[in-house]
Amino acid sequence: MTDYSTIKNPILPGFTPDPAVLGVGDDYYLATSTFNWYPGVQIFHSKDLAHWELQTYVFNDPDFLHLAGTDTPAGVWAPDLTYDKRTGKYWIVMCQMHNMNGNLFDQDNYAVYADSINGPWSKPIYLNSIGFDCSLFHDDDGKHWAVTLEWDTRKGYQHPGAIVLEQFDPDQGKLVGPTKRISRGGTDRGCLEAPHIYKHDGYYYLMTAEGGTGYGHGVVVQRSKTIDGPYESDPQNPIITSTPYRYFRRGDPDSLRLDLYNPKAPLQKCGHGSLVHTATDEWYVVHLSARPLPGTTNCTLGRETSIQKVEWTKEGWLRMKAGGTLAQPTTEGMKGIQVSDKSQAAGVNADFSTGKIDLHLMSPYGPRTEEWCSLKERPGWLRIHGRQSFFSQFQVSLLASRIDSFKSTVSTKVEFNPIHYSQSAGLTLYYDNSNWLFARLYHSETLNSTALAIMKGEKGNKDEYILDRVALPEGKAELKAEIDYGQVQFFYRTNENTEWRKLGDLIDISFMSDEQTGGFTGLMGGIGTWDAYRRQSFADFKYFKITPKNE
């Protein structure tokens, strides 16, 4: 065995944006944004920094986390994950973005703590509403500090704003003392965000994201001898990026910046970094990244998580071990830690006959409850009761998980007996409430039978592939969607002993991407139902799978 193995990027493919990484001993934890999906904030665990398993969620209290009516891409943003060595407590900070209209932004930042990464977590502590991407730093002297992007709404001022520093008193459960602006960025890229503070060899290091969360993104570092500044910029900034050249975009509110797409970059949108010191005395930056469909700038899988090994220079700055600033598709693993060559795309294999619902399955706009989603009503099956349509932002009966490979099969087995054309159940590919595909069983008055057909929501408009519909009088079918990069082919069969049959033709799915929707979440696969008749129908599902294929 060699001393070093290789880590392949992205380490968390699919919709896993805004990573915050933490090392405690030889255990590594990573938190990502969940936006309008419930429960809020996913936490993954790893031993090798290359392969990560979903371990838990943080915000699972419907009395606190209200996501109903949330516009994409609002919701739960940019969690921060830290560990206070003095008390042995884990801390999570997150922003709940309520509204983005008028670029005014209504958000609240909260902190929770726990003695274990698995919780139970404390009641949320309100911090501030000044901006977003808030994080905590636990200093050696026992003081705690919060750094936040101040979202400046004033006309004529540079947007989005500055990084502000505030002292946090956990005993009082609030921020105390004055608010001080400590940075307006270490580059001229603009769109400053995602502040984290670290301490190393007598310096406080402020790591931020600049250039927007799109194609001009970058990881930027500044430092100071005192926590409140002044901070000097690393002369090489940004230290990790997909656009390794200087440009000036201060005050430009465009975060996507399609014109900065770099066709020579193996990973796009690289920024929003988080630093970790390993048990092997090595350093890594975990960062956001993306991979567009070949020949396009459309990122259907959303923003993903990648990693780069870094080293400290004799001058006290961080540099990528691979050299340069262009984020790399692979990086050197930890010394003495063997990394397997298995794919990081894990998929989902939910067999409801086990009596459990897979941890990966989430629901939009609100929690999963027995009222609409039950394993008890028909043992061996998951019963989902129909509520509002997938265009809704309120009571949506949908369970889904991220698609984590450009080539994936999404499949399920469903039984459904609708009596009205407005009752539907089946398999969906879902980006948000305005953009989705639904292979659904419904009642066709024309066929006088339960039927199977595809419905599409694109930018809030509905279309139906009526000419491809088929009669399913018994109301039973296995459904699957074969995704091949930017296209999908749906199939069905009435029992496991029959051949799969195509349902319609290939469908372009590039409209379900950040670039086409104006959001920044990612493609999900799921199962669900709706009922606009009398809210009386339900569908039974035997299994749900997302099976990634080798790309």
# chains A, B, ... in the order shown; residues from 1 in each chain; ligands from 1

$ residues_around --residues "Pro253 of chain A" --least-positions-apart "6" --cutoff "12 Å" --atoms "only C-alpha atoms" --output "PyMOL selection string"
chain A and resi 103+151-153+157-161+189-192+210-214

$ select_by_dssp --residues "segment 246-451 of chain A" --states "helix (DSSP H, G or I)" --output "count of residues only"
6

$ residues_around --residues "Met334 of chain A" --least-positions-apart "2" --cutoff "10 Å" --atoms "only C-alpha atoms" --output "count of residues only"
22

$ residues_around --residues "Pro364 of chain A" --least-positions-apart "6" --cutoff "6 Å" --atoms "only C-alpha atoms" --output "PyMOL selection string"
chain A and resi 36-38

$ residues_around --residues "segment 404-414 of chain A" --least-positions-apart "2" --cutoff "8 Å" --atoms "only C-alpha atoms" --output "PyMOL selection string"
chain A and resi 12-15+301+345-347+402+416+426-427+476-486+525-527+539-551

$ write_last_selection --atoms "C-alpha atoms" --output "mmCIF file, in the first residue's frame"
data_model
loop_
_atom_site.group_PDB
_atom_site.id
_atom_site.type_symbol
_atom_site.label_atom_id
_atom_site.label_comp_id
_atom_site.auth_asym_id
_atom_site.auth_seq_id
_atom_site.Cartn_x
_atom_site.Cartn_y
_atom_site.Cartn_z
ATOM 1 C CA LEU A 12 -20.754 14.137 -2.558
ATOM 2 C CA PRO A 13 -22.303 14.180 -6.040
ATOM 3 C CA GLY A 14 -25.751 15.594 -6.609
ATOM 4 C CA PHE A 15 -27.603 18.249 -4.618
ATOM 5 C CA LEU A 301 -27.429 17.607 -10.632
ATOM 6 C CA ALA A 345 -22.723 7.967 -6.092
ATOM 7 C CA ALA A 346 -24.670 5.984 -3.506
ATOM 8 C CA GLY A 347 -28.245 6.161 -4.764
ATOM 9 C CA ARG A 402 -31.111 13.596 -4.812
ATOM 10 C CA PHE A 416 -53.479 2.980 -7.214
ATOM 11 C CA GLY A 426 -46.520 7.624 -9.473
ATOM 12 C CA LEU A 427 -42.855 8.371 -10.124
ATOM 13 C CA LYS A 476 -50.796 -1.732 -10.799
ATOM 14 C CA ALA A 477 -47.422 -1.051 -12.380
ATOM 15 C CA GLU A 478 -43.710 -0.880 -11.980
ATOM 16 C CA LEU A 479 -42.320 2.383 -13.260
ATOM 17 C CA LYS A 480 -38.798 3.469 -14.033
ATOM 18 C CA ALA A 481 -36.994 6.457 -15.477
ATOM 19 C CA GLU A 482 -33.682 5.878 -17.248
ATOM 20 C CA ILE A 483 -31.651 9.093 -17.024
ATOM 21 C CA ASP A 484 -28.782 9.522 -19.464
ATOM 22 C CA TYR A 485 -27.235 12.921 -18.805
ATOM 23 C CA GLY A 486 -29.709 15.444 -20.272
ATOM 24 C CA GLY A 525 -36.158 11.510 -7.859
ATOM 25 C CA GLY A 526 -39.258 10.606 -5.903
ATOM 26 C CA ILE A 527 -42.684 9.094 -5.421
ATOM 27 C CA ALA A 539 -51.438 4.995 -3.422
ATOM 28 C CA ASP A 540 -49.362 2.114 -2.118
ATOM 29 C CA PHE A 541 -45.657 1.828 -2.962
ATOM 30 C CA LYS A 542 -43.628 -1.375 -2.532
ATOM 31 C CA TYR A 543 -40.181 0.093 -3.052
ATOM 32 C CA PHE A 544 -38.314 3.111 -4.336
ATOM 33 C CA LYS A 545 -34.840 3.045 -5.856
ATOM 34 C CA ILE A 546 -32.300 5.427 -7.348
ATOM 35 C CA THR A 547 -29.635 3.290 -8.970
ATOM 36 C CA PRO A 548 -26.553 5.121 -10.262
ATOM 37 C CA LYS A 549 -24.646 3.738 -13.228
ATOM 38 C CA ASN A 550 -21.020 4.136 -14.188
ATOM 39 C CA GLU A 551 -20.556 7.402 -16.054
#

$ residues_around --residues "segment 115-128 of chain A" --least-positions-apart "4" --cutoff "7 Å" --atoms "only C-alpha atoms" --output "PyMOL selection string"
chain A and resi 56+88-90+108-111+173-175

$ closest_residue --among "A:Leu361, A:Val276, A:Ile509, A:Ile384" --to "Ser397 of chain A" --atoms "only C-alpha atoms"
A:Ile384

$ decode --residues "segment 443-472 of chain A" --atoms "N, CA and C atoms" --output "PDB file, in the first residue's frame"
ATOM      1  N   HIS A 443     -57.208   8.497 -13.432  1.00  0.00           N
ATOM      2  CA  HIS A 443     -58.417   7.987 -14.061  1.00  0.00           C
ATOM      3  C   HIS A 443     -58.668   8.730 -15.367  1.00  0.00           C
ATOM      4  N   SER A 444     -58.736   7.965 -16.462  1.00  0.00           N
ATOM      5  CA  SER A 444     -59.021   8.540 -17.773  1.00  0.00           C
ATOM      6  C   SER A 444     -60.486   8.296 -18.117  1.00  0.00           C
ATOM      7  N   GLU A 445     -61.243   9.359 -18.278  1.00  0.00           N
ATOM      8  CA  GLU A 445     -62.639   9.213 -18.693  1.00  0.00           C
ATOM      9  C   GLU A 445     -62.730   8.741 -20.137  1.00  0.00           C
ATOM     10  N   THR A 446     -61.779   9.134 -20.954  1.00  0.00           N
ATOM     11  CA  THR A 446     -61.778   8.717 -22.366  1.00  0.00           C
ATOM     12  C   THR A 446     -61.595   7.211 -22.491  1.00  0.00           C
ATOM     13  N   LEU A 447     -60.667   6.657 -21.713  1.00  0.00           N
ATOM     14  CA  LEU A 447     -60.401   5.220 -21.747  1.00  0.00           C
ATOM     15  C   LEU A 447     -61.310   4.444 -20.796  1.00  0.00           C
ATOM     16  N   ASN A 448     -62.029   5.165 -19.943  1.00  0.00           N
ATOM     17  CA  ASN A 448     -62.866   4.552 -18.906  1.00  0.00           C
ATOM     18  C   ASN A 448     -62.059   3.549 -18.098  1.00  0.00           C
ATOM     19  N   SER A 449     -60.875   3.989 -17.677  1.00  0.00           N
ATOM     20  CA  SER A 449     -59.944   3.081 -17.016  1.00  0.00           C
ATOM     21  C   SER A 449     -58.894   3.902 -16.266  1.00  0.00           C
ATOM     22  N   THR A 450     -58.257   3.241 -15.320  1.00  0.00           N
ATOM     23  CA  THR A 450     -57.020   3.808 -14.805  1.00  0.00           C
ATOM     24  C   THR A 450     -56.007   3.835 -15.945  1.00  0.00           C
ATOM     25  N   ALA A 451     -55.283   4.922 -16.068  1.00  0.00           N
ATOM     26  CA  ALA A 451     -54.340   5.092 -17.172  1.00  0.00           C
ATOM     27  C   ALA A 451     -52.991   5.549 -16.635  1.00  0.00           C
ATOM     28  N   LEU A 452     -51.985   5.432 -17.481  1.00  0.00           N
ATOM     29  CA  LEU A 452     -50.630   5.869 -17.169  1.00  0.00           C
ATOM     30  C   LEU A 452     -50.181   6.854 -18.245  1.00  0.00           C
ATOM     31  N   ALA A 453     -49.706   8.015 -17.835  1.00  0.00           N
ATOM     32  CA  ALA A 453     -49.215   9.010 -18.774  1.00  0.00           C
ATOM     33  C   ALA A 453     -48.259   9.942 -18.051  1.00  0.00           C
ATOM     34  N   ILE A 454     -47.533  10.744 -18.810  1.00  0.00           N
ATOM     35  CA  ILE A 454     -46.556  11.678 -18.260  1.00  0.00           C
ATOM     36  C   ILE A 454     -47.134  13.089 -18.267  1.00  0.00           C
ATOM     37  N   MET A 455     -46.969  13.768 -17.150  1.00  0.00           N
ATOM     38  CA  MET A 455     -47.295  15.183 -17.054  1.00  0.00           C
ATOM     39  C   MET A 455     -46.008  15.944 -16.778  1.00  0.00           C
ATOM     40  N   LYS A 456     -45.901  17.151 -17.330  1.00  0.00           N
ATOM     41  CA  LYS A 456     -44.702  17.967 -17.131  1.00  0.00           C
ATOM     42  C   LYS A 456     -45.064  19.333 -16.577  1.00  0.00           C
ATOM     43  N   GLY A 457     -44.284  19.779 -15.615  1.00  0.00           N
ATOM     44  CA  GLY A 457     -44.323  21.160 -15.186  1.00  0.00           C
ATOM     45  C   GLY A 457     -43.009  21.806 -15.600  1.00  0.00           C
ATOM     46  N   GLU A 458     -43.080  22.879 -16.370  1.00  0.00           N
ATOM     47  CA  GLU A 458     -41.873  23.584 -16.790  1.00  0.00           C
ATOM     48  C   GLU A 458     -42.099  25.077 -16.639  1.00  0.00           C
ATOM     49  N   LYS A 459     -41.309  25.686 -15.750  1.00  0.00           N
ATOM     50  CA  LYS A 459     -41.406  27.112 -15.450  1.00  0.00           C
ATOM     51  C   LYS A 459     -42.833  27.493 -15.079  1.00  0.00           C
ATOM     52  N   GLY A 460     -43.483  26.589 -14.372  1.00  0.00           N
ATOM     53  CA  GLY A 460     -44.832  26.848 -13.877  1.00  0.00           C
ATOM     54  C   GLY A 460     -45.943  26.538 -14.837  1.00  0.00           C
ATOM     55  N   ASN A 461     -45.608  26.064 -16.051  1.00  0.00           N
ATOM     56  CA  ASN A 461     -46.624  25.719 -17.047  1.00  0.00           C
ATOM     57  C   ASN A 461     -46.780  24.213 -17.148  1.00  0.00           C
ATOM     58  N   LYS A 462     -48.006  23.753 -17.353  1.00  0.00           N
ATOM     59  CA  LYS A 462     -48.309  22.327 -17.413  1.00  0.00           C
ATOM     60  C   LYS A 462     -48.432  21.849 -18.851  1.00  0.00           C
ATOM     61  N   ASP A 463     -47.930  20.624 -19.089  1.00  0.00           N
ATOM     62  CA  ASP A 463     -48.134  19.953 -20.361  1.00  0.00           C
ATOM     63  C   ASP A 463     -48.407  18.480 -20.069  1.00  0.00           C
ATOM     64  N   GLU A 464     -49.175  17.829 -20.944  1.00  0.00           N
ATOM     65  CA  GLU A 464     -49.487  16.406 -20.788  1.00  0.00           C
ATOM     66  C   GLU A 464     -49.163  15.663 -22.082  1.00  0.00           C
ATOM     67  N   TYR A 465     -48.487  14.538 -21.935  1.00  0.00           N
ATOM     68  CA  TYR A 465     -48.152  13.701 -23.087  1.00  0.00           C
ATOM     69  C   TYR A 465     -49.306  12.711 -23.324  1.00  0.00           C
ATOM     70  N   ILE A 466     -50.440  13.246 -23.761  1.00  0.00           N
ATOM     71  CA  ILE A 466     -51.675  12.467 -23.852  1.00  0.00           C
ATOM     72  C   ILE A 466     -51.575  11.353 -24.878  1.00  0.00           C
ATOM     73  N   LEU A 467     -50.880  11.596 -25.977  1.00  0.00           N
ATOM     74  CA  LEU A 467     -50.819  10.593 -27.046  1.00  0.00           C
ATOM     75  C   LEU A 467     -50.019   9.352 -26.653  1.00  0.00           C
ATOM     76  N   ASP A 468     -49.290   9.449 -25.555  1.00  0.00           N
ATOM     77  CA  ASP A 468     -48.481   8.310 -25.108  1.00  0.00           C
ATOM     78  C   ASP A 468     -49.139   7.523 -23.972  1.00  0.00           C
ATOM     79  N   ARG A 469     -50.332   7.909 -23.581  1.00  0.00           N
ATOM     80  CA  ARG A 469     -50.945   7.259 -22.430  1.00  0.00           C
ATOM     81  C   ARG A 469     -51.353   5.822 -22.758  1.00  0.00           C
ATOM     82  N   VAL A 470     -51.375   4.999 -21.700  1.00  0.00           N
ATOM     83  CA  VAL A 470     -51.783   3.596 -21.845  1.00  0.00           C
ATOM     84  C   VAL A 470     -52.787   3.264 -20.747  1.00  0.00           C
ATOM     85  N   ALA A 471     -53.679   2.344 -21.038  1.00  0.00           N
ATOM     86  CA  ALA A 471     -54.660   1.906 -20.047  1.00  0.00           C
ATOM     87  C   ALA A 471     -54.034   0.887 -19.102  1.00  0.00           C
ATOM     88  N   LEU A 472     -54.302   1.050 -17.819  1.00  0.00           N
ATOM     89  CA  LEU A 472     -53.865   0.097 -16.787  1.00  0.00           C
ATOM     90  C   LEU A 472     -55.074  -0.217 -15.910  1.00  0.00           C
TER      91      LEU A 472
END
